[in-house]
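Student: If it helps, the file is called model-v4.csv and holds CSV, C-alpha atoms:
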chain,number,residue,atom,x,y,z
A,1,MET,CA,-34.5,-40.3,34.4
A,2,ALA,CA,-32.5,-39.3,31.3
A,3,ARG,CA,-33.7,-35.8,31.5
A,4,VAL,CA,-32.6,-35.5,35.1
A,5,LYS,CA,-29.2,-37.0,34.2
A,6,HIS,CA,-28.6,-34.3,31.6
A,7,LEU,CA,-30.2,-31.5,33.7
A,8,LEU,CA,-28.3,-32.1,36.9
A,9,PRO,CA,-24.7,-31.3,35.5
A,10,LEU,CA,-26.2,-28.2,33.9
A,11,VAL,CA,-27.7,-27.0,37.2
A,12,ILE,CA,-24.5,-27.7,39.1
A,13,ALA,CA,-22.3,-26.0,36.6
A,14,VAL,CA,-24.5,-22.9,36.3
A,15,PHE,CA,-24.9,-22.6,40.1
A,16,PHE,CA,-21.2,-22.8,40.9
A,17,GLY,CA,-20.4,-20.5,37.9
A,18,TRP,CA,-22.7,-17.8,39.3
A,19,LEU,CA,-21.4,-18.5,42.8
A,20,THR,CA,-17.8,-18.0,41.7
A,21,LEU,CA,-18.7,-14.8,39.8
A,22,ILE,CA,-20.6,-13.4,42.8
A,23,GLY,CA,-17.6,-14.2,45.1
A,24,LEU,CA,-15.3,-12.3,42.7
A,25,LEU,CA,-17.6,-9.2,42.3
A,26,ILE,CA,-18.7,-9.0,45.9
A,27,PRO,CA,-16.0,-9.3,48.6
A,28,VAL,CA,-17.3,-12.6,50.2
A,29,PRO,CA,-14.0,-14.3,51.3
A,30,ASP,CA,-15.8,-17.3,52.8
A,31,ILE,CA,-17.5,-18.2,49.5
A,32,THR,CA,-14.4,-17.6,47.5
A,33,ARG,CA,-12.3,-19.7,49.8
A,34,LEU,CA,-14.8,-22.5,49.8
A,35,VAL,CA,-15.1,-22.7,46.0
A,36,LEU,CA,-11.3,-22.4,45.5
A,37,GLY,CA,-10.8,-25.2,48.1
A,38,TRP,CA,-13.2,-27.5,46.3
A,39,ALA,CA,-11.6,-26.7,43.0
A,40,SER,CA,-8.1,-27.4,44.3
A,41,LEU,CA,-9.3,-30.7,45.7
A,42,LEU,CA,-10.8,-31.7,42.4
A,43,VAL,CA,-7.7,-30.7,40.5
A,44,ALA,CA,-5.6,-32.7,42.8
A,45,PHE,CA,-7.7,-35.8,42.3
A,46,ALA,CA,-7.7,-35.3,38.6
A,47,LEU,CA,-3.9,-35.0,38.6
A,48,ILE,CA,-3.6,-38.2,40.6
A,49,LEU,CA,-6.0,-40.1,38.3
A,50,GLY,CA,-4.1,-38.7,35.2
A,51,VAL,CA,-0.8,-40.0,36.5
A,52,LEU,CA,-2.2,-43.4,37.4
A,53,ASN,CA,-3.8,-43.7,34.0
A,54,LEU,CA,-0.6,-42.8,32.3
A,55,PHE,CA,1.3,-45.4,34.4
A,56,VAL,CA,-1.3,-48.1,33.6
A,57,VAL,CA,-1.3,-47.4,29.9
A,58,HIS,CA,2.4,-47.6,29.5
A,59,VAL,CA,2.6,-50.7,31.7
A,60,ASN,CA,0.2,-52.4,29.3
A,61,ARG,CA,2.4,-51.2,26.4
A,62,VAL,CA,5.5,-52.7,28.0
A,63,MET,CA,3.7,-56.0,28.7
A,64,ARG,CA,2.1,-56.3,25.2
A,65,GLN,CA,4.4,-54.5,22.8
A,66,LYS,CA,7.7,-54.5,24.7
A,67,ASN,CA,7.9,-50.8,24.1
A,68,ILE,CA,11.3,-49.4,25.2
A,69,TYR,CA,10.1,-45.8,25.4
A,70,SER,CA,7.2,-46.8,27.7
A,71,LEU,CA,9.7,-48.8,29.9
A,72,PHE,CA,11.9,-45.7,30.1
A,73,LEU,CA,8.9,-43.5,31.1
A,74,ILE,CA,7.8,-45.9,33.8
A,75,THR,CA,11.3,-46.2,35.2
A,76,SER,CA,11.6,-42.4,35.3
A,77,MET,CA,8.3,-42.0,37.1
A,78,MET,CA,9.2,-44.6,39.7
A,79,ALA,CA,12.6,-43.0,40.2
A,80,VAL,CA,11.1,-39.6,40.7
A,81,PHE,CA,8.5,-41.0,43.1
A,82,ALA,CA,11.2,-42.9,45.1
A,83,ILE,CA,13.5,-39.8,45.3
A,84,THR,CA,10.6,-37.7,46.5
A,85,LEU,CA,9.8,-40.2,49.3
A,86,THR,CA,13.5,-40.4,50.4
A,87,ASP,CA,13.7,-36.6,50.5
A,88,MET,CA,10.5,-36.4,52.6
A,89,ARG,CA,11.9,-39.0,55.0
A,90,ASP,CA,15.2,-37.1,55.2
A,91,LEU,CA,17.0,-40.2,53.9
A,92,THR,CA,18.5,-38.1,51.1
A,93,ASN,CA,19.4,-34.5,50.8
A,94,ASN,CA,17.7,-32.6,48.0
A,95,TRP,CA,18.1,-35.4,45.5
A,96,LEU,CA,14.9,-34.3,43.7
A,97,ASP,CA,16.4,-30.8,43.1
A,98,ARG,CA,19.6,-32.5,41.8
A,99,TYR,CA,17.5,-34.7,39.5
A,100,PHE,CA,15.9,-31.6,37.9
A,101,VAL,CA,19.2,-29.8,37.6
A,102,TRP,CA,21.0,-32.8,36.1
A,103,VAL,CA,18.2,-34.3,33.9
A,104,GLN,CA,15.3,-31.9,33.5
A,105,ALA,CA,17.2,-28.7,32.8
A,106,PRO,CA,19.6,-30.2,30.2
A,107,LEU,CA,16.6,-31.8,28.4
A,108,GLU,CA,14.7,-28.5,28.3
A,109,ALA,CA,17.7,-26.7,27.1
A,110,ALA,CA,18.3,-29.3,24.3
A,111,LEU,CA,14.6,-29.1,23.2
A,112,SER,CA,14.7,-25.3,23.2
A,113,SER,CA,17.8,-25.3,21.1
A,114,LEU,CA,16.3,-27.8,18.6
A,115,LEU,CA,13.1,-25.7,18.4
A,116,ALA,CA,15.0,-22.9,16.7
A,117,PHE,CA,16.3,-25.2,14.0
A,118,PHE,CA,12.8,-26.7,13.6
A,119,LEU,CA,11.3,-23.3,13.1
A,120,LEU,CA,14.0,-22.4,10.5
A,121,PHE,CA,13.4,-25.7,8.7
A,122,ALA,CA,9.7,-25.0,8.8
A,123,GLY,CA,10.3,-21.6,7.2
A,124,PHE,CA,12.2,-23.1,4.3
A,125,GLN,CA,9.5,-25.8,3.8
A,126,LEU,CA,6.8,-23.1,3.9
A,127,MET,CA,8.7,-21.1,1.2
A,128,LYS,CA,8.8,-24.2,-1.0
A,129,ARG,CA,5.1,-24.8,-0.8
A,130,GLN,CA,3.6,-21.3,-0.4
A,131,ARG,CA,5.7,-18.4,-1.6
A,132,THR,CA,3.8,-15.5,0.0
A,133,VAL,CA,4.8,-12.4,1.8
A,134,TRP,CA,3.9,-13.9,5.2
A,135,SER,CA,6.1,-17.0,4.6
A,136,LEU,CA,8.9,-14.7,3.5
A,137,LEU,CA,8.4,-12.5,6.6
A,138,PHE,CA,8.5,-15.6,8.8
A,139,LEU,CA,11.7,-16.9,7.3
A,140,VAL,CA,13.4,-13.5,7.5
A,141,THR,CA,12.4,-13.1,11.1
A,142,ALA,CA,13.7,-16.5,12.0
A,143,LEU,CA,17.0,-15.8,10.2
A,144,LEU,CA,17.4,-12.4,11.9
A,145,VAL,CA,16.8,-13.9,15.4
A,146,LEU,CA,19.2,-16.8,14.9
A,147,GLY,CA,21.8,-14.5,13.2
A,148,THR,CA,21.7,-11.8,15.9
A,149,ASN,CA,22.0,-14.4,18.7
A,150,VAL,CA,25.1,-15.9,17.1
A,151,LEU,CA,26.7,-12.6,15.9
A,152,GLN,CA,26.3,-10.7,19.2
A,153,VAL,CA,28.4,-13.3,21.1
A,154,THR,CA,31.0,-13.7,18.4
A,155,PRO,CA,34.4,-12.4,19.8
A,156,TRP,CA,35.7,-11.5,16.3
A,157,LEU,CA,33.3,-8.7,15.7
A,158,PRO,CA,33.9,-5.1,16.9
A,159,PRO,CA,31.8,-4.0,19.8
A,160,ARG,CA,29.9,-1.5,17.7
A,161,PHE,CA,28.7,-4.3,15.4
A,162,SER,CA,27.6,-6.4,18.4
A,163,GLN,CA,25.7,-3.5,19.8
A,164,GLY,CA,23.9,-3.1,16.5
A,165,PHE,CA,22.8,-6.7,16.5
A,166,ILE,CA,21.7,-6.3,20.0
A,167,GLN,CA,19.5,-3.4,19.0
A,168,ILE,CA,18.0,-5.3,16.1
A,169,GLN,CA,17.2,-8.2,18.5
A,170,ASP,CA,15.6,-5.8,21.0
A,171,ILE,CA,13.4,-4.3,18.2
A,172,ILE,CA,12.3,-7.8,17.2
A,173,HIS,CA,11.5,-8.8,20.8
A,174,ASN,CA,10.0,-5.5,22.1
A,175,VAL,CA,8.0,-4.6,19.0
A,176,ILE,CA,7.1,-7.6,16.9
A,177,VAL,CA,7.1,-10.4,19.5
A,178,ASN,CA,5.3,-8.3,22.2
A,179,ALA,CA,2.7,-7.1,19.7
A,180,GLY,CA,2.0,-10.6,18.6
A,181,MET,CA,1.8,-11.9,22.2
A,182,ARG,CA,-0.5,-9.1,23.3
A,183,GLY,CA,-2.8,-9.9,20.3
A,184,LEU,CA,-2.9,-13.5,21.2
A,185,LEU,CA,-3.6,-12.7,24.9
A,186,ILE,CA,-6.4,-10.4,24.0
A,187,GLY,CA,-7.9,-13.1,21.7
A,188,VAL,CA,-7.6,-15.6,24.5
A,189,ALA,CA,-9.2,-13.3,27.0
A,190,LEU,CA,-12.2,-12.5,24.7
A,191,GLY,CA,-12.7,-16.2,24.0
A,192,THR,CA,-12.6,-17.0,27.7
A,193,ILE,CA,-15.1,-14.3,28.4
A,194,MET,CA,-17.5,-15.6,25.7
A,195,LEU,CA,-17.1,-19.2,26.9
A,196,ALA,CA,-17.8,-18.1,30.5
A,197,ILE,CA,-20.9,-16.2,29.5
A,198,ARG,CA,-22.2,-19.2,27.5
A,199,MET,CA,-21.6,-21.5,30.5
A,200,LEU,CA,-23.3,-19.1,32.9
A,201,ILE,CA,-26.4,-19.1,30.8
A,202,GLY,CA,-26.3,-22.8,30.1
A,203,LEU,CA,-25.6,-22.7,26.4
A,204,GLU,CA,-22.1,-24.3,26.6
A,205,ARG,CA,-22.0,-27.8,28.0
A,206,PRO,CA,-18.6,-29.3,27.6
A,207,TYR,CA,-19.3,-31.7,30.5
A,208,ASN,CA,-22.0,-33.5,28.5
A,209,LYS,CA,-19.6,-34.3,25.6
Go through the file and emit its structure as structure tokens.
Tutor:
Amino acid sequence: MARVKHLLPLVIAVFFGWLTLIGLLIPVPDITRLVLGWASLLVAFALILGVLNLFVVHVNRVMRQKNIYSLFLITSMMAVFAITLTDMRDLTNNWLDRYFVWVQAPLEAALSSLLAFFLLFAGFQLMKRQRTVWSLLFLVTALLVLGTNVLQVTPWLPPRFSQGFIQIQDIIHNVIVNAGMRGLLIGVALGTIMLAIRMLIGLERPYNK
């Protein structure tokens, strides 16, 4: 019984893995549509269960610990759910979009602006602990990005200086950042391929953990 319990998930995973691969290599739209439909259904159920689990966990925190942050999260979730229902019933007119414009967008902008200062602070802390060439390069790059963003919009600088800072920023983004992102994407792609091969031949079993 225990052997069947461990073997059944392996057989299902390998079968659907090969079925998906065949549907991608050979133009079989019915198989691809069927597998994608099942995957979308499972993702939808997983998302609903995740939201319900998050709600229950924070309700317990409010009841036991009187956590104000959990209360704020629960209130926000219920408000968004209520606004979605009223928009669907045509009781309100695009209130959900207004919520994202008035609440979500300012919060994202504030977090993004704080991220730059956190990175700069991390660069100084890194220089205190490990004074290497890479930590110095990280700090100089952060200073250049912040400095060029500020100086290119400063009205007191002549236009030619602003153009120079814009060119420096373009070099950083188009050469350094793009090279790093492409290297990361290549690494992610190779790791995904190796993980898929291990799952197709039954060596990788994350569903048993």
Student: For Ile201 (chain A), which residue out of A:Gln125, A:Ile171, A:Trp18, A:Ile74 is the nearest one, using all atoms listed in the file?
Tutor: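 Closest to Ile201 (chain A) of all the choices is A:Trp18.
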Student: Give me the residues of region 88-125 of chain A that have any atom at most 7 Å from an atom of region 138-150 of chain A; for each, the nearest atom pair and the distance in Å, rounded to one decimal. Use all atoms listed in the file, sort by chain and number, and format it as CSV.
Tutor:
residue,atom,partner,partner_atom,distance
A:Leu120,CA,A:Ala142,CA,6.1
A:Gly123,CA,A:Leu139,CA,4.9
A:Phe124,CA,A:Leu139,CA,6.9
Student: List every protein, DNA or RNA residue that has at least one atom no more than 12 Å from (-21.5, -22.4, 29.4) in the file's coordinates, counting all atoms listed in the file, and write the result as a PyMOL selection string.
Tutor: chain A and resi 9-18+192-208
Student: Deliver the residues from the most recent selection as a file, using C-alpha atoms, as a JSON list (two decimals), in the frame of the given file.
Tutor:
[["chain", "number", "residue", "atom", "x", "y", "z"],
["A", 9, "PRO", "CA", -24.70, -31.30, 35.50],
["A", 10, "LEU", "CA", -26.20, -28.20, 33.90],
["A", 11, "VAL", "CA", -27.70, -27.00, 37.20],
["A", 12, "ILE", "CA", -24.50, -27.70, 39.10],
["A", 13, "ALA", "CA", -22.30, -26.00, 36.60],
["A", 14, "VAL", "CA", -24.50, -22.90, 36.30],
["A", 15, "PHE", "CA", -24.90, -22.60, 40.10],
["A", 16, "PHE", "CA", -21.20, -22.80, 40.90],
["A", 17, "GLY", "CA", -20.40, -20.50, 37.90],
["A", 18, "TRP", "CA", -22.70, -17.80, 39.30],
["A", 192, "THR", "CA", -12.60, -17.00, 27.70],
["A", 193, "ILE", "CA", -15.10, -14.30, 28.40],
["A", 194, "MET", "CA", -17.50, -15.60, 25.70],
["A", 195, "LEU", "CA", -17.10, -19.20, 26.90],
["A", 196, "ALA", "CA", -17.80, -18.10, 30.50],
["A", 197, "ILE", "CA", -20.90, -16.20, 29.50],
["A", 198, "ARG", "CA", -22.20, -19.20, 27.50],
["A", 199, "MET", "CA", -21.60, -21.50, 30.50],
["A", 200, "LEU", "CA", -23.30, -19.10, 32.90],
["A", 201, "ILE", "CA", -26.40, -19.10, 30.80],
["A", 202, "GLY", "CA", -26.30, -22.80, 30.10],
["A", 203, "LEU", "CA", -25.60, -22.70, 26.40],
["A", 204, "GLU", "CA", -22.10, -24.30, 26.60],
["A", 205, "ARG", "CA", -22.00, -27.80, 28.00],
["A", 206, "PRO", "CA", -18.60, -29.30, 27.60],
["A", 207, "TYR", "CA", -19.30, -31.70, 30.50],
["A", 208, "ASN", "CA", -22.00, -33.50, 28.50]]
Student: One decimal, Å: what's the distance from CA of Tyr99 (chain A) over to CA of Leu42 (chain A), could you say?
Tutor: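 About the pair CA of Tyr99 (chain A) and CA of Leu42 (chain A): they are 28.6 Å apart.
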Student: Between CA of Ala82 (chain A) and CA of Leu41 (chain A), measure the distance and give it in Å to one decimal.
Tutor: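 Atom-to-atom, CA of Ala82 (chain A) to CA of Leu41 (chain A), that is 23.9 Å.
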Student: Would you mind reading off the distance between CA of Val103 (chain A) and CA of Thr84 (chain A), one decimal, in Å?
Tutor: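 Answer for the CA of Val103 (chain A) to CA of Thr84 (chain A) separation: 15.1 Å.
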